[in-house]
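Listing of final19.cif, mmCIF, C-alpha atoms
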data_model
#
loop_
_atom_site.group_PDB
_atom_site.id
_atom_site.type_symbol
_atom_site.label_atom_id
_atom_site.label_comp_id
_atom_site.auth_asym_id
_atom_site.auth_seq_id
_atom_site.Cartn_x
_atom_site.Cartn_y
_atom_site.Cartn_z
ATOM 1 C CA MET N 1 102.435 114.465 51.137
ATOM 2 C CA ALA N 2 105.716 112.758 51.915
ATOM 3 C CA ALA N 3 106.000 109.017 51.285
ATOM 4 C CA GLY N 4 106.887 108.384 54.938
ATOM 5 C CA THR N 5 103.720 110.149 56.103
ATOM 6 C CA ILE N 6 101.591 108.090 53.741
ATOM 7 C CA THR N 7 103.156 104.920 55.145
ATOM 8 C CA GLU N 8 102.329 105.984 58.709
ATOM 9 C CA ILE N 9 98.731 106.835 57.758
ATOM 10 C CA LYS N 10 98.347 103.401 56.179
ATOM 11 C CA ARG N 11 99.701 101.827 59.374
ATOM 12 C CA ALA N 12 97.189 103.768 61.495
ATOM 13 C CA MET N 13 94.320 102.809 59.196
ATOM 14 C CA GLY N 14 95.398 99.171 59.241
ATOM 15 C CA ARG N 15 95.427 99.085 63.040
ATOM 16 C CA LEU N 16 91.921 100.613 63.219
ATOM 17 C CA LYS N 17 90.593 98.282 60.510
ATOM 18 C CA LYS N 18 91.870 95.215 62.346
ATOM 19 C CA TRP N 19 90.384 96.400 65.681
ATOM 20 C CA LEU N 20 86.966 97.083 64.162
ATOM 21 C CA ARG N 21 86.902 93.697 62.473
ATOM 22 C CA ASN N 22 88.038 91.751 65.543
ATOM 23 C CA GLN N 23 86.080 93.615 68.210
ATOM 24 C CA HIS N 24 82.881 94.607 66.394
ATOM 25 C CA GLN N 25 82.828 92.720 63.068
ATOM 26 C CA ILE N 26 82.631 96.061 61.271
ATOM 27 C CA ASN N 27 84.491 96.893 58.086
ATOM 28 C CA LEU N 28 85.686 100.287 56.970
ATOM 29 C CA PRO N 29 84.744 102.766 55.673
ATOM 30 C CA THR N 30 81.180 102.399 56.984
ATOM 31 C CA GLY N 31 80.134 101.796 60.545
ATOM 32 C CA LEU N 32 82.498 104.055 62.489
ATOM 33 C CA ASP N 33 80.696 106.521 64.753
ATOM 34 C CA THR N 34 81.800 108.789 67.613
ATOM 35 C CA GLU N 35 81.139 106.125 70.260
ATOM 36 C CA LEU N 36 83.336 103.577 68.478
ATOM 37 C CA ALA N 37 86.004 106.208 67.842
ATOM 38 C CA LEU N 38 86.081 106.953 71.577
ATOM 39 C CA ASP N 39 86.331 103.229 72.397
ATOM 40 C CA TYR N 40 89.182 102.849 69.928
ATOM 41 C CA ARG N 41 91.041 105.807 71.417
ATOM 42 C CA SER N 42 90.787 104.226 74.864
ATOM 43 C CA TRP N 43 92.007 100.908 73.454
ATOM 44 C CA ILE N 44 94.979 102.285 71.546
ATOM 45 C CA TYR N 45 96.219 104.137 74.642
ATOM 46 C CA GLY N 46 95.898 100.969 76.710
ATOM 47 C CA GLU N 47 98.873 99.041 78.055
ATOM 48 C CA GLU N 48 98.117 95.916 76.008
ATOM 49 C CA ASN N 49 99.290 97.649 72.816
ATOM 50 C CA GLU N 50 102.680 98.559 74.261
ATOM 51 C CA LEU N 51 102.592 101.724 72.158
ATOM 52 C CA LYS N 52 104.057 104.948 73.405
ATOM 53 C CA HIS N 53 101.367 107.510 74.142
ATOM 54 C CA SER N 54 103.034 109.828 71.634
ATOM 55 C CA THR N 55 102.760 107.164 68.906
ATOM 56 C CA ALA N 56 99.123 106.471 69.722
ATOM 57 C CA SER N 57 98.365 110.190 69.731
ATOM 58 C CA LYS N 58 99.969 110.625 66.324
ATOM 59 C CA GLU N 59 97.886 107.777 64.893
ATOM 60 C CA ILE N 60 94.687 109.341 66.238
ATOM 61 C CA ARG N 61 95.648 112.630 64.541
ATOM 62 C CA TYR N 62 96.262 110.794 61.264
ATOM 63 C CA LEU N 63 92.861 109.098 61.484
ATOM 64 C CA SER N 64 91.109 112.374 62.251
ATOM 65 C CA ALA N 65 92.847 114.051 59.309
ATOM 66 C CA THR N 66 91.846 111.202 56.983
ATOM 67 C CA TRP N 67 88.177 111.411 57.932
ATOM 68 C CA SER N 68 88.303 115.206 57.752
ATOM 69 C CA ALA N 69 89.630 114.999 54.182
ATOM 70 C CA ALA N 70 86.880 112.536 53.268
ATOM 71 C CA GLU N 71 84.276 114.886 54.773
ATOM 72 C CA ARG N 72 85.584 117.851 52.754
ATOM 73 C CA GLN N 73 85.328 115.763 49.604
ATOM 74 C CA GLN N 74 81.752 114.837 50.571
ATOM 75 C CA LEU N 75 82.582 111.129 50.667
ATOM 76 C CA ILE N 76 81.134 110.958 54.200
ATOM 77 C CA THR N 77 78.661 113.163 56.063
ATOM 78 C CA SER N 78 80.611 113.689 59.303
ATOM 79 C CA ASN N 79 83.963 113.131 61.020
ATOM 80 C CA PRO N 80 83.498 110.955 64.139
ATOM 81 C CA TRP N 81 86.937 111.957 65.447
ATOM 82 C CA SER N 82 86.191 115.692 65.600
ATOM 83 C CA ASN N 83 83.866 115.652 68.618
ATOM 84 C CA LEU N 84 85.811 113.424 70.989
ATOM 85 C CA PRO N 85 86.214 114.874 74.511
ATOM 86 C CA LYS N 86 89.732 115.869 75.518
ATOM 87 C CA ASN N 87 91.749 113.279 77.373
ATOM 88 C CA ARG N 88 93.794 115.394 79.803
ATOM 89 C CA ARG N 89 95.410 112.393 81.481
ATOM 90 C CA THR N 90 96.773 111.152 78.163
ATOM 91 C CA SER N 91 97.924 114.646 77.210
ATOM 92 C CA MET N 92 99.903 114.838 80.447
ATOM 93 C CA GLN N 93 101.420 111.388 79.811
ATOM 94 C CA ILE N 94 102.546 112.459 76.323
ATOM 95 C CA ARG N 95 104.238 115.545 77.752
ATOM 96 C CA LEU N 96 105.973 113.424 80.388
ATOM 97 C CA GLU N 97 107.233 110.992 77.728
ATOM 98 C CA ALA N 98 108.610 113.861 75.639
ATOM 99 C CA ARG N 99 110.288 115.633 78.566
ATOM 100 C CA LYS N 100 114.076 115.612 78.508
ATOM 101 C CA THR N 101 115.948 115.009 81.746
ATOM 102 C CA HIS N 102 119.547 114.367 82.726
ATOM 103 C CA ASP N 103 118.843 110.636 82.592
ATOM 104 C CA ILE N 104 116.478 110.585 79.580
ATOM 105 C CA ASN N 105 117.962 112.279 76.545
ATOM 106 C CA LYS N 106 120.054 111.592 73.465
ATOM 107 C CA VAL N 107 122.982 113.836 74.349
ATOM 108 C CA LEU N 108 126.113 111.901 73.442
ATOM 109 C CA PRO N 109 128.722 111.442 76.184
ATOM 110 C CA ALA N 110 132.362 112.050 75.254
ATOM 111 C CA GLU N 111 133.171 108.338 75.429
ATOM 112 C CA LEU N 112 130.483 107.428 72.876
ATOM 113 C CA VAL N 113 131.462 110.302 70.569
ATOM 114 C CA ALA N 114 135.078 109.099 70.579
ATOM 115 C CA ARG N 115 134.047 105.482 69.989
ATOM 116 C CA ALA N 116 131.738 106.421 67.115
ATOM 117 C CA TYR N 117 134.508 108.505 65.534
ATOM 118 C CA ASP N 118 137.027 105.678 65.851
ATOM 119 C CA ARG N 119 134.649 103.052 64.403
ATOM 120 C CA MET N 120 133.702 105.244 61.454
ATOM 121 C CA LYS N 121 137.302 106.295 60.849
ATOM 122 C CA SER N 122 138.701 102.779 60.801
ATOM 123 C CA ASN N 123 137.151 99.321 60.760
ATOM 124 C CA LYS N 124 138.910 96.068 61.687
ATOM 125 C CA ARG N 125 140.779 96.232 58.402
ATOM 126 C CA GLY N 126 141.753 99.849 58.904
ATOM 127 C CA ARG N 127 139.303 101.140 56.297
ATOM 128 C CA LYS N 128 137.327 104.352 56.673
ATOM 129 C CA ASP N 129 133.551 104.190 56.279
ATOM 130 C CA PRO N 130 132.620 105.203 52.708
ATOM 131 C CA SER N 131 130.379 107.968 54.073
ATOM 132 C CA PHE N 132 132.724 109.149 56.808
ATOM 133 C CA ASP N 133 132.597 112.714 55.464
ATOM 134 C CA ILE N 134 128.821 112.856 55.928
ATOM 135 C CA PHE N 135 129.213 111.438 59.420
ATOM 136 C CA TYR N 136 131.774 114.139 60.217
ATOM 137 C CA LEU N 137 129.748 117.009 58.752
ATOM 138 C CA GLN N 138 126.667 115.965 60.682
ATOM 139 C CA ALA N 139 128.606 115.631 63.926
ATOM 140 C CA VAL N 140 130.160 119.111 63.773
ATOM 141 C CA THR N 141 127.147 120.996 62.363
ATOM 142 C CA GLY N 142 124.152 119.272 63.992
ATOM 143 C CA THR N 143 122.379 118.850 60.662
ATOM 144 C CA ARG N 144 119.766 116.191 60.032
ATOM 145 C CA ILE N 145 121.323 113.212 58.262
ATOM 146 C CA GLN N 146 119.288 113.752 55.085
ATOM 147 C CA GLU N 147 120.386 117.404 55.014
ATOM 148 C CA ALA N 148 124.071 116.466 55.045
ATOM 149 C CA ALA N 149 123.767 113.398 52.804
ATOM 150 C CA GLY N 150 121.783 115.328 50.181
ATOM 151 C CA LEU N 151 124.348 118.101 49.670
ATOM 152 C CA ARG N 152 125.476 118.854 46.127
ATOM 153 C CA HIS N 153 128.977 119.970 45.149
ATOM 154 C CA CYS N 154 127.642 123.495 44.546
ATOM 155 C CA ASP N 155 126.223 123.552 48.094
ATOM 156 C CA PHE N 156 129.779 123.824 49.435
ATOM 157 C CA THR N 157 130.197 127.586 49.156
ATOM 158 C CA LYS N 158 132.457 130.409 50.231
ATOM 159 C CA ARG N 159 130.753 133.493 51.653
ATOM 160 C CA VAL N 160 132.355 136.853 52.373
ATOM 161 C CA TYR N 161 130.919 138.580 55.424
ATOM 162 C CA LYS N 162 132.338 141.761 56.913
ATOM 163 C CA GLY N 163 135.498 141.261 54.862
ATOM 164 C CA LYS N 164 136.125 137.722 56.121
ATOM 165 C CA ASN N 165 135.824 134.416 54.244
ATOM 166 C CA TYR N 166 133.483 131.754 55.586
ATOM 167 C CA TYR N 167 133.498 128.218 54.197
ATOM 168 C CA CYS N 168 129.962 126.932 54.389
ATOM 169 C CA ILE N 169 127.493 124.248 53.485
ATOM 170 C CA GLU N 170 124.118 125.422 52.220
ATOM 171 C CA ILE N 171 121.020 123.365 52.973
ATOM 172 C CA ARG N 172 118.869 124.015 49.901
ATOM 173 C CA PRO N 173 116.013 122.247 48.105
ATOM 174 C CA TRP N 174 116.713 120.846 44.665
ATOM 175 C CA GLU N 175 114.992 118.424 42.321
ATOM 176 C CA GLY N 176 116.378 115.373 44.120
ATOM 177 C CA ARG N 177 115.775 116.586 47.677
ATOM 178 C CA GLY N 178 112.950 118.969 48.536
ATOM 179 C CA PHE N 179 110.463 119.779 51.293
ATOM 180 C CA SER N 180 108.696 116.721 52.704
ATOM 181 C CA VAL N 181 105.516 118.667 53.429
ATOM 182 C CA MET N 182 105.278 119.627 49.732
ATOM 183 C CA GLY N 183 105.296 115.981 48.717
ATOM 184 C CA ASP N 184 108.908 116.050 47.546
ATOM 185 C CA ARG N 185 111.406 113.346 48.383
ATOM 186 C CA GLY N 186 112.293 114.338 51.917
ATOM 187 C CA GLY N 187 115.302 116.161 53.246
ATOM 188 C CA LEU N 188 114.086 119.572 54.328
ATOM 189 C CA LYS N 189 111.576 119.665 57.142
ATOM 190 C CA THR N 190 110.475 123.327 57.402
ATOM 191 C CA SER N 191 111.218 126.672 55.773
ATOM 192 C CA GLN N 192 113.781 127.303 58.532
ATOM 193 C CA SER N 193 115.636 124.167 57.400
ATOM 194 C CA GLU N 194 116.864 126.104 54.360
ATOM 195 C CA ARG N 195 119.977 127.791 55.717
ATOM 196 C CA ILE N 196 123.708 128.476 55.468
ATOM 197 C CA ILE N 197 126.034 126.869 58.027
ATOM 198 C CA PRO N 198 129.641 128.111 58.361
ATOM 199 C CA LEU N 199 131.916 125.172 59.033
ATOM 200 C CA PRO N 200 134.443 124.957 61.865
ATOM 201 C CA LYS N 201 138.035 124.990 60.649
ATOM 202 C CA ALA N 202 138.405 121.270 61.321
ATOM 203 C CA ALA N 203 135.919 120.561 58.500
ATOM 204 C CA PHE N 204 137.672 122.733 55.886
ATOM 205 C CA PRO N 205 139.420 119.684 54.303
ATOM 206 C CA ILE N 206 136.004 118.166 53.597
ATOM 207 C CA TRP N 207 134.795 121.450 52.115
ATOM 208 C CA ASP N 208 137.857 121.582 49.886
ATOM 209 C CA LYS N 209 137.293 117.993 48.774
ATOM 210 C CA TYR N 210 133.761 118.512 47.451
ATOM 211 C CA GLN N 211 133.447 122.213 46.558
ATOM 212 C CA ASP N 212 132.640 122.894 42.906
ATOM 213 C CA THR N 213 130.482 125.911 42.128
ATOM 214 C CA ASN N 214 129.503 124.642 38.679
ATOM 215 C CA ASN N 215 128.696 121.069 39.678
ATOM 216 C CA ARG N 216 125.047 120.584 40.602
ATOM 217 C CA GLU N 217 125.328 116.830 41.076
ATOM 218 C CA PRO N 218 125.064 115.167 44.511
ATOM 219 C CA ALA N 219 128.300 115.172 46.471
ATOM 220 C CA PHE N 220 127.370 111.802 48.011
ATOM 221 C CA PRO N 221 125.477 109.842 45.317
ATOM 222 C CA GLU N 222 126.042 106.562 47.151
ATOM 223 C CA GLU N 223 123.668 107.809 49.865
ATOM 224 C CA ALA N 224 120.807 108.609 47.476
ATOM 225 C CA PRO N 225 117.470 106.877 48.192
ATOM 226 C CA LYS N 226 117.069 103.662 46.219
ATOM 227 C CA ASN N 227 113.257 103.631 46.467
ATOM 228 C CA GLU N 228 110.342 105.772 47.633
ATOM 229 C CA THR N 229 110.569 104.592 51.239
ATOM 230 C CA GLN N 230 114.235 105.524 51.720
ATOM 231 C CA LYS N 231 115.744 108.871 52.671
ATOM 232 C CA TRP N 232 119.112 110.416 51.966
ATOM 233 C CA GLY N 233 121.631 108.893 54.353
ATOM 234 C CA ASP N 234 119.701 105.721 55.227
ATOM 235 C CA ASN N 235 122.653 103.547 54.193
ATOM 236 C CA LEU N 236 124.969 105.429 56.545
ATOM 237 C CA ALA N 237 122.462 105.220 59.400
ATOM 238 C CA ARG N 238 122.184 101.461 58.893
ATOM 239 C CA ARG N 239 125.958 100.974 58.949
ATOM 240 C CA MET N 240 126.224 103.027 62.121
ATOM 241 C CA ARG N 241 123.636 100.799 63.802
ATOM 242 C CA ASP N 242 125.692 97.772 62.823
ATOM 243 C CA LYS N 243 129.043 99.216 63.892
ATOM 244 C CA ILE N 244 127.898 100.969 67.076
ATOM 245 C CA PRO N 245 124.838 99.088 68.440
ATOM 246 C CA ASP N 246 124.378 101.404 71.423
ATOM 247 C CA PHE N 247 124.468 104.604 69.332
ATOM 248 C CA PRO N 248 121.071 106.302 69.880
ATOM 249 C CA GLY N 249 120.606 107.363 66.245
ATOM 250 C CA THR N 250 122.023 110.055 63.982
ATOM 251 C CA HIS N 251 119.506 112.640 65.225
ATOM 252 C CA SER N 252 121.416 112.613 68.523
ATOM 253 C CA TRP N 253 124.026 114.891 66.903
ATOM 254 C CA ARG N 254 121.376 117.638 66.802
ATOM 255 C CA GLU N 255 120.364 117.136 70.409
ATOM 256 C CA THR N 256 124.025 117.099 71.458
ATOM 257 C CA MET N 257 124.802 120.327 69.615
ATOM 258 C CA ILE N 258 121.735 122.106 70.999
ATOM 259 C CA ASN N 259 122.613 121.080 74.556
ATOM 260 C CA ASN N 260 126.302 121.895 74.113
ATOM 261 C CA LEU N 261 125.557 125.416 72.901
ATOM 262 C CA LEU N 262 122.652 126.347 75.163
ATOM 263 C CA ASN N 263 124.445 125.009 78.225
ATOM 264 C CA THR N 264 127.471 127.192 77.446
ATOM 265 C CA SER N 265 125.446 130.416 77.182
ATOM 266 C CA VAL N 266 125.128 130.639 73.393
ATOM 267 C CA PRO N 267 121.968 132.708 72.689
ATOM 268 C CA ILE N 268 118.918 130.696 71.662
ATOM 269 C CA ARG N 269 118.531 132.582 68.381
ATOM 270 C CA ILE N 270 122.067 131.633 67.312
ATOM 271 C CA VAL N 271 121.336 127.964 68.028
ATOM 272 C CA GLU N 272 118.157 128.252 65.946
ATOM 273 C CA MET N 273 120.140 129.750 63.050
ATOM 274 C CA VAL N 274 122.678 126.933 63.024
ATOM 275 C CA THR N 275 120.246 124.056 63.489
ATOM 276 C CA GLY N 276 117.345 125.398 61.438
ATOM 277 C CA LYS N 277 114.907 125.175 64.320
ATOM 278 C CA THR N 278 111.714 127.243 64.346
ATOM 279 C CA GLY N 279 111.624 130.182 66.730
ATOM 280 C CA ASN N 280 108.482 131.239 68.584
ATOM 281 C CA THR N 281 108.613 134.990 68.084
ATOM 282 C CA PRO N 282 107.440 137.011 65.045
ATOM 283 C CA LEU N 283 110.736 138.927 65.244
ATOM 284 C CA ASN N 284 112.534 135.924 63.768
ATOM 285 C CA GLN N 285 111.293 136.797 60.289
ATOM 286 C CA TYR N 286 113.317 140.013 60.528
ATOM 287 C CA THR N 287 116.469 138.337 61.841
ATOM 288 C CA SER N 288 119.045 137.422 59.199
ATOM 289 C CA ASP N 289 121.708 134.802 59.771
ATOM 290 C CA ASP N 290 125.002 136.123 61.137
ATOM 291 C CA LEU N 291 127.872 134.001 59.803
ATOM 292 C CA GLU N 292 130.382 135.344 62.304
ATOM 293 C CA VAL N 293 128.471 134.312 65.410
ATOM 294 C CA MET N 294 127.309 131.097 63.769
ATOM 295 C CA GLN N 295 130.869 130.001 63.074
ATOM 296 C CA LYS N 296 131.848 130.789 66.651
ATOM 297 C CA ALA N 297 129.018 128.468 67.689
ATOM 298 C CA THR N 298 130.132 125.603 65.414
ATOM 299 C CA GLU N 299 133.741 126.039 66.595
ATOM 300 C CA LYS N 300 132.599 125.859 70.223
ATOM 301 C CA HIS N 301 130.546 122.741 69.549
ATOM 302 C CA PHE N 302 133.486 121.091 67.760
ATOM 303 C CA LYS N 303 135.755 121.677 70.752
ATOM 304 C CA LEU N 304 133.141 120.317 73.135
ATOM 305 C CA LEU N 305 132.771 117.152 71.030
ATOM 306 C CA GLY N 306 136.480 116.500 71.455
ATOM 307 C CA ILE N 307 136.983 114.711 68.129
ATOM 308 C CA ALA N 308 139.989 115.114 65.851
ATOM 309 C CA ALA N 309 140.107 116.897 62.520
ATOM 310 C CA PRO N 310 139.786 114.545 59.512
ATOM 311 C CA GLU N 311 142.929 113.598 57.635
ATOM 312 C CA THR N 312 143.478 115.135 54.230
ATOM 313 C CA GLY N 313 144.169 112.390 51.749
ATOM 314 C CA GLU N 314 146.077 109.142 52.114
ATOM 315 C CA THR N 315 149.473 110.820 52.209
ATOM 316 C CA GLY N 316 148.730 112.614 55.467
ATOM 317 C CA THR N 317 150.201 115.883 54.159
ATOM 318 C CA THR N 318 149.668 119.066 56.138
ATOM 319 C CA TYR N 319 146.492 120.874 55.129
ATOM 320 C CA GLN N 320 147.152 124.327 53.683
ATOM 321 C CA GLY N 321 143.608 125.684 53.829
ATOM 322 C CA PRO N 322 140.692 125.791 51.349
ATOM 323 C CA ARG N 323 141.543 126.459 47.735
ATOM 324 C CA GLN N 324 140.394 129.774 46.317
ATOM 325 C CA CYS N 325 137.298 129.664 44.163
#
Before we go any further, please render this structure as structure tokens.
Amino acid sequence: MAAGTITEIKRAMGRLKKWLRNQHQINLPTGLDTELALDYRSWIYGEENELKHSTASKEIRYLSATWSAAERQQLITSNPWSNLPKNRRTSMQIRLEARKTHDINKVLPAELVARAYDRMKSNKRGRKDPSFDIFYLQAVTGTRIQEAAGLRHCDFTKRVYKGKNYYCIEIRPWEGRGFSVMGDRGGLKTSQSERIIPLPKAAFPIWDKYQDTNNREPAFPEEAPKNETQKWGDNLARRMRDKIPDFPGTHSWRETMINNLLNTSVPIRIVEMVTGKTGNTPLNQYTSDDLEVMQKATEKHFKLLGIAAPETGETGTTYQGPRQC
């Protein structure tokens, strides 16, 4: 189990423990029955908590899973959360909260994209952010921040497909960044997260800067987690919050890419390939990634973002293309 999940379970247990003690003078683990579980569910969804319904729902699922695990291990005789009646009103509210609209989304407008690029490219002293390259890779590929920040030098690869060279980043598990669900230090969310992404031409200078087939060390060691609660790229995310207070979070690059591509008639399956999203059809297990169409998608997204290509070195010399490897 990932460290972040454990933290959230502890938070859910703490909230329940405090409620039982204050409202009923009952201490865990004994004393909780189905009636109290139902009362707690009503309370946690109430307005006084100021919790989103989605957050409250997640905590209830964590509590149910905890009691279910205890039941399997024969530490308790029954799970009081398993027989609660469905709350259709709350289920509808959760769906409404999650629904994306023109006014409620994290799609980045052109003005905010340009401002974020400018702030990361140059601060008041004219200095580039130390993790600008991660910022740029995430913007043009729609990766999760921990996927981009956790790249190794050997994850910058050249692939030959139908006689053409593609300069790619490969999102792969390794000993310092594995699958969260397997209890590894997080970075990869699902099996679909493991993928190859062909870069748009604008990002070739970054590829050339880090590519080294024989180097299995992190390309961005300064963004490595410093403790068990951190993720790859947390330092960059923090600096972005400081520099651009109204930026809605690094995950907005994914939402922006998905909207940019789907709204310009790029097939859903191609968007899934690039972003590592899970498809809903069994046919997906027979569909291999197509680098040609994927690069066309990343090129289209780059043009829609409207940002400039990164400079190549302090001299500003003209970039001649990736070196041969």
Legend entry - Residue contacts of Asp212 (chain N) (12 Å, only C-alpha atoms) excluding same-chain residues fewer than 4 positions away, as JSON, numbers by chain: {"N": [151, 152, 153, 154, 155, 156, 157, 158, 169, 207, 208, 216, 217, 218, 219, 323, 324, 325]}
Store the residues of this selection in a file with C-alpha atoms, as a PDB file, in the frame of the given file.
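Final output, out20.pdb:
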ATOM      1  CA  LEU N 151     124.348 118.101  49.670  1.00  0.00           C
ATOM      2  CA  ARG N 152     125.476 118.854  46.127  1.00  0.00           C
ATOM      3  CA  HIS N 153     128.977 119.970  45.149  1.00  0.00           C
ATOM      4  CA  CYS N 154     127.642 123.495  44.546  1.00  0.00           C
ATOM      5  CA  ASP N 155     126.223 123.552  48.094  1.00  0.00           C
ATOM      6  CA  PHE N 156     129.779 123.824  49.435  1.00  0.00           C
ATOM      7  CA  THR N 157     130.197 127.586  49.156  1.00  0.00           C
ATOM      8  CA  LYS N 158     132.457 130.409  50.231  1.00  0.00           C
ATOM      9  CA  ILE N 169     127.493 124.248  53.485  1.00  0.00           C
ATOM     10  CA  TRP N 207     134.795 121.450  52.115  1.00  0.00           C
ATOM     11  CA  ASP N 208     137.857 121.582  49.886  1.00  0.00           C
ATOM     12  CA  ARG N 216     125.047 120.584  40.602  1.00  0.00           C
ATOM     13  CA  GLU N 217     125.328 116.830  41.076  1.00  0.00           C
ATOM     14  CA  PRO N 218     125.064 115.167  44.511  1.00  0.00           C
ATOM     15  CA  ALA N 219     128.300 115.172  46.471  1.00  0.00           C
ATOM     16  CA  ARG N 323     141.543 126.459  47.735  1.00  0.00           C
ATOM     17  CA  GLN N 324     140.394 129.774  46.317  1.00  0.00           C
ATOM     18  CA  CYS N 325     137.298 129.664  44.163  1.00  0.00           C
TER      19      CYS N 325
END
Inset, instruction - Between N:Leu199, N:Leu261, N:Ala297, N:Leu20, single out the one closest to Gln138 (chain N), counting all atoms listed in the file. - result: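 The answer is N:Leu199, which sits nearest to Gln138 (chain N).
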Inset, instruction - Can you work out which one of N:Lys209, N:Lys277, N:Arg159, N:Arg254 has the shortest atom-to-atom distance to Pro310 (chain N), counting all atoms listed in the file? - result: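 Of the candidates, the smallest distance to Pro310 (chain N) is held by N:Lys209.
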Inset, instruction - Could you expand the PyMOL selection byres ((chain N and resi 119) around 12) into the explicit residues it covers here, written as a PyMOL selection string? - result: chain N and resi 112-118+120-129+132+135+239-245+247
Inset, instruction - Run through the PyMOL selection byres ((chain N and resi 224) around 9) on the given coordinates and return the selected residues as a PyMOL selection string. - result: chain N and resi 149-150+176+218+220-223+225-226+230-235
Legend entry - Separation of CA of Asn260 (chain N) from CA of Ile145 (chain N), in Å and rounded to one decimal: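 We find that CA of Asn260 (chain N) and CA of Ile145 (chain N) lie 18.7 Å from each other.
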Which residues come within 8 Å of Glu194 (chain N), counting all atoms listed in the file, excluding same-chain residues fewer than 4 positions away, as a short mmCIF file (atom, residue, chain, number, x, y, z; two decimals) with C-alpha atoms, in the frame of the given file?
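As written to disk, part.cif reads:
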data_model
loop_
_atom_site.label_atom_id
_atom_site.label_comp_id
_atom_site.auth_asym_id
_atom_site.auth_seq_id
_atom_site.Cartn_x
_atom_site.Cartn_y
_atom_site.Cartn_z
CA GLU N 170 124.12 125.42 52.22
CA ILE N 171 121.02 123.36 52.97
CA ARG N 172 118.87 124.02 49.90
CA PRO N 173 116.01 122.25 48.10
CA LEU N 188 114.09 119.57 54.33
CA THR N 190 110.48 123.33 57.40
CA GLY N 276 117.34 125.40 61.44
#
Rebuild region 250-261 of chain N to N, CA and C atoms - output it as an mmCIF file, in the coordinates of the input, please.
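Ended up saving to rebuild00.cif:
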data_model
loop_
_atom_site.group_PDB
_atom_site.id
_atom_site.type_symbol
_atom_site.label_atom_id
_atom_site.label_comp_id
_atom_site.auth_asym_id
_atom_site.auth_seq_id
_atom_site.Cartn_x
_atom_site.Cartn_y
_atom_site.Cartn_z
ATOM 1 N N THR N 250 121.295 108.896 64.502
ATOM 2 C CA THR N 250 122.023 110.055 63.982
ATOM 3 C C THR N 250 121.419 111.383 64.426
ATOM 4 N N HIS N 251 120.115 111.383 64.777
ATOM 5 C CA HIS N 251 119.506 112.640 65.225
ATOM 6 C C HIS N 251 120.099 113.117 66.549
ATOM 7 N N SER N 252 120.812 112.230 67.247
ATOM 8 C CA SER N 252 121.416 112.613 68.523
ATOM 9 C C SER N 252 122.484 113.693 68.339
ATOM 10 N N TRP N 253 123.063 113.800 67.130
ATOM 11 C CA TRP N 253 124.026 114.891 66.903
ATOM 12 C C TRP N 253 123.353 116.249 67.080
ATOM 13 N N ARG N 254 122.100 116.371 66.650
ATOM 14 C CA ARG N 254 121.376 117.638 66.802
ATOM 15 C C ARG N 254 121.117 117.934 68.270
ATOM 16 N N GLU N 255 120.652 116.919 68.995
ATOM 17 C CA GLU N 255 120.364 117.136 70.409
ATOM 18 C C GLU N 255 121.643 117.467 71.177
ATOM 19 N N THR N 256 122.749 116.826 70.791
ATOM 20 C CA THR N 256 124.025 117.099 71.458
ATOM 21 C C THR N 256 124.487 118.522 71.185
ATOM 22 N N MET N 257 124.387 118.964 69.927
ATOM 23 C CA MET N 257 124.802 120.327 69.615
ATOM 24 C C MET N 257 123.943 121.351 70.355
ATOM 25 N N ILE N 258 122.630 121.152 70.338
ATOM 26 C CA ILE N 258 121.735 122.106 70.999
ATOM 27 C C ILE N 258 122.058 122.203 72.488
ATOM 28 N N ASN N 259 122.271 121.067 73.129
ATOM 29 C CA ASN N 259 122.613 121.080 74.556
ATOM 30 C C ASN N 259 123.992 121.693 74.790
ATOM 31 N N ASN N 260 124.958 121.337 73.952
ATOM 32 C CA ASN N 260 126.302 121.895 74.113
ATOM 33 C C ASN N 260 126.284 123.414 74.054
ATOM 34 N N LEU N 261 125.539 123.963 73.093
ATOM 35 C CA LEU N 261 125.557 125.416 72.901
ATOM 36 C C LEU N 261 124.713 126.141 73.943
#
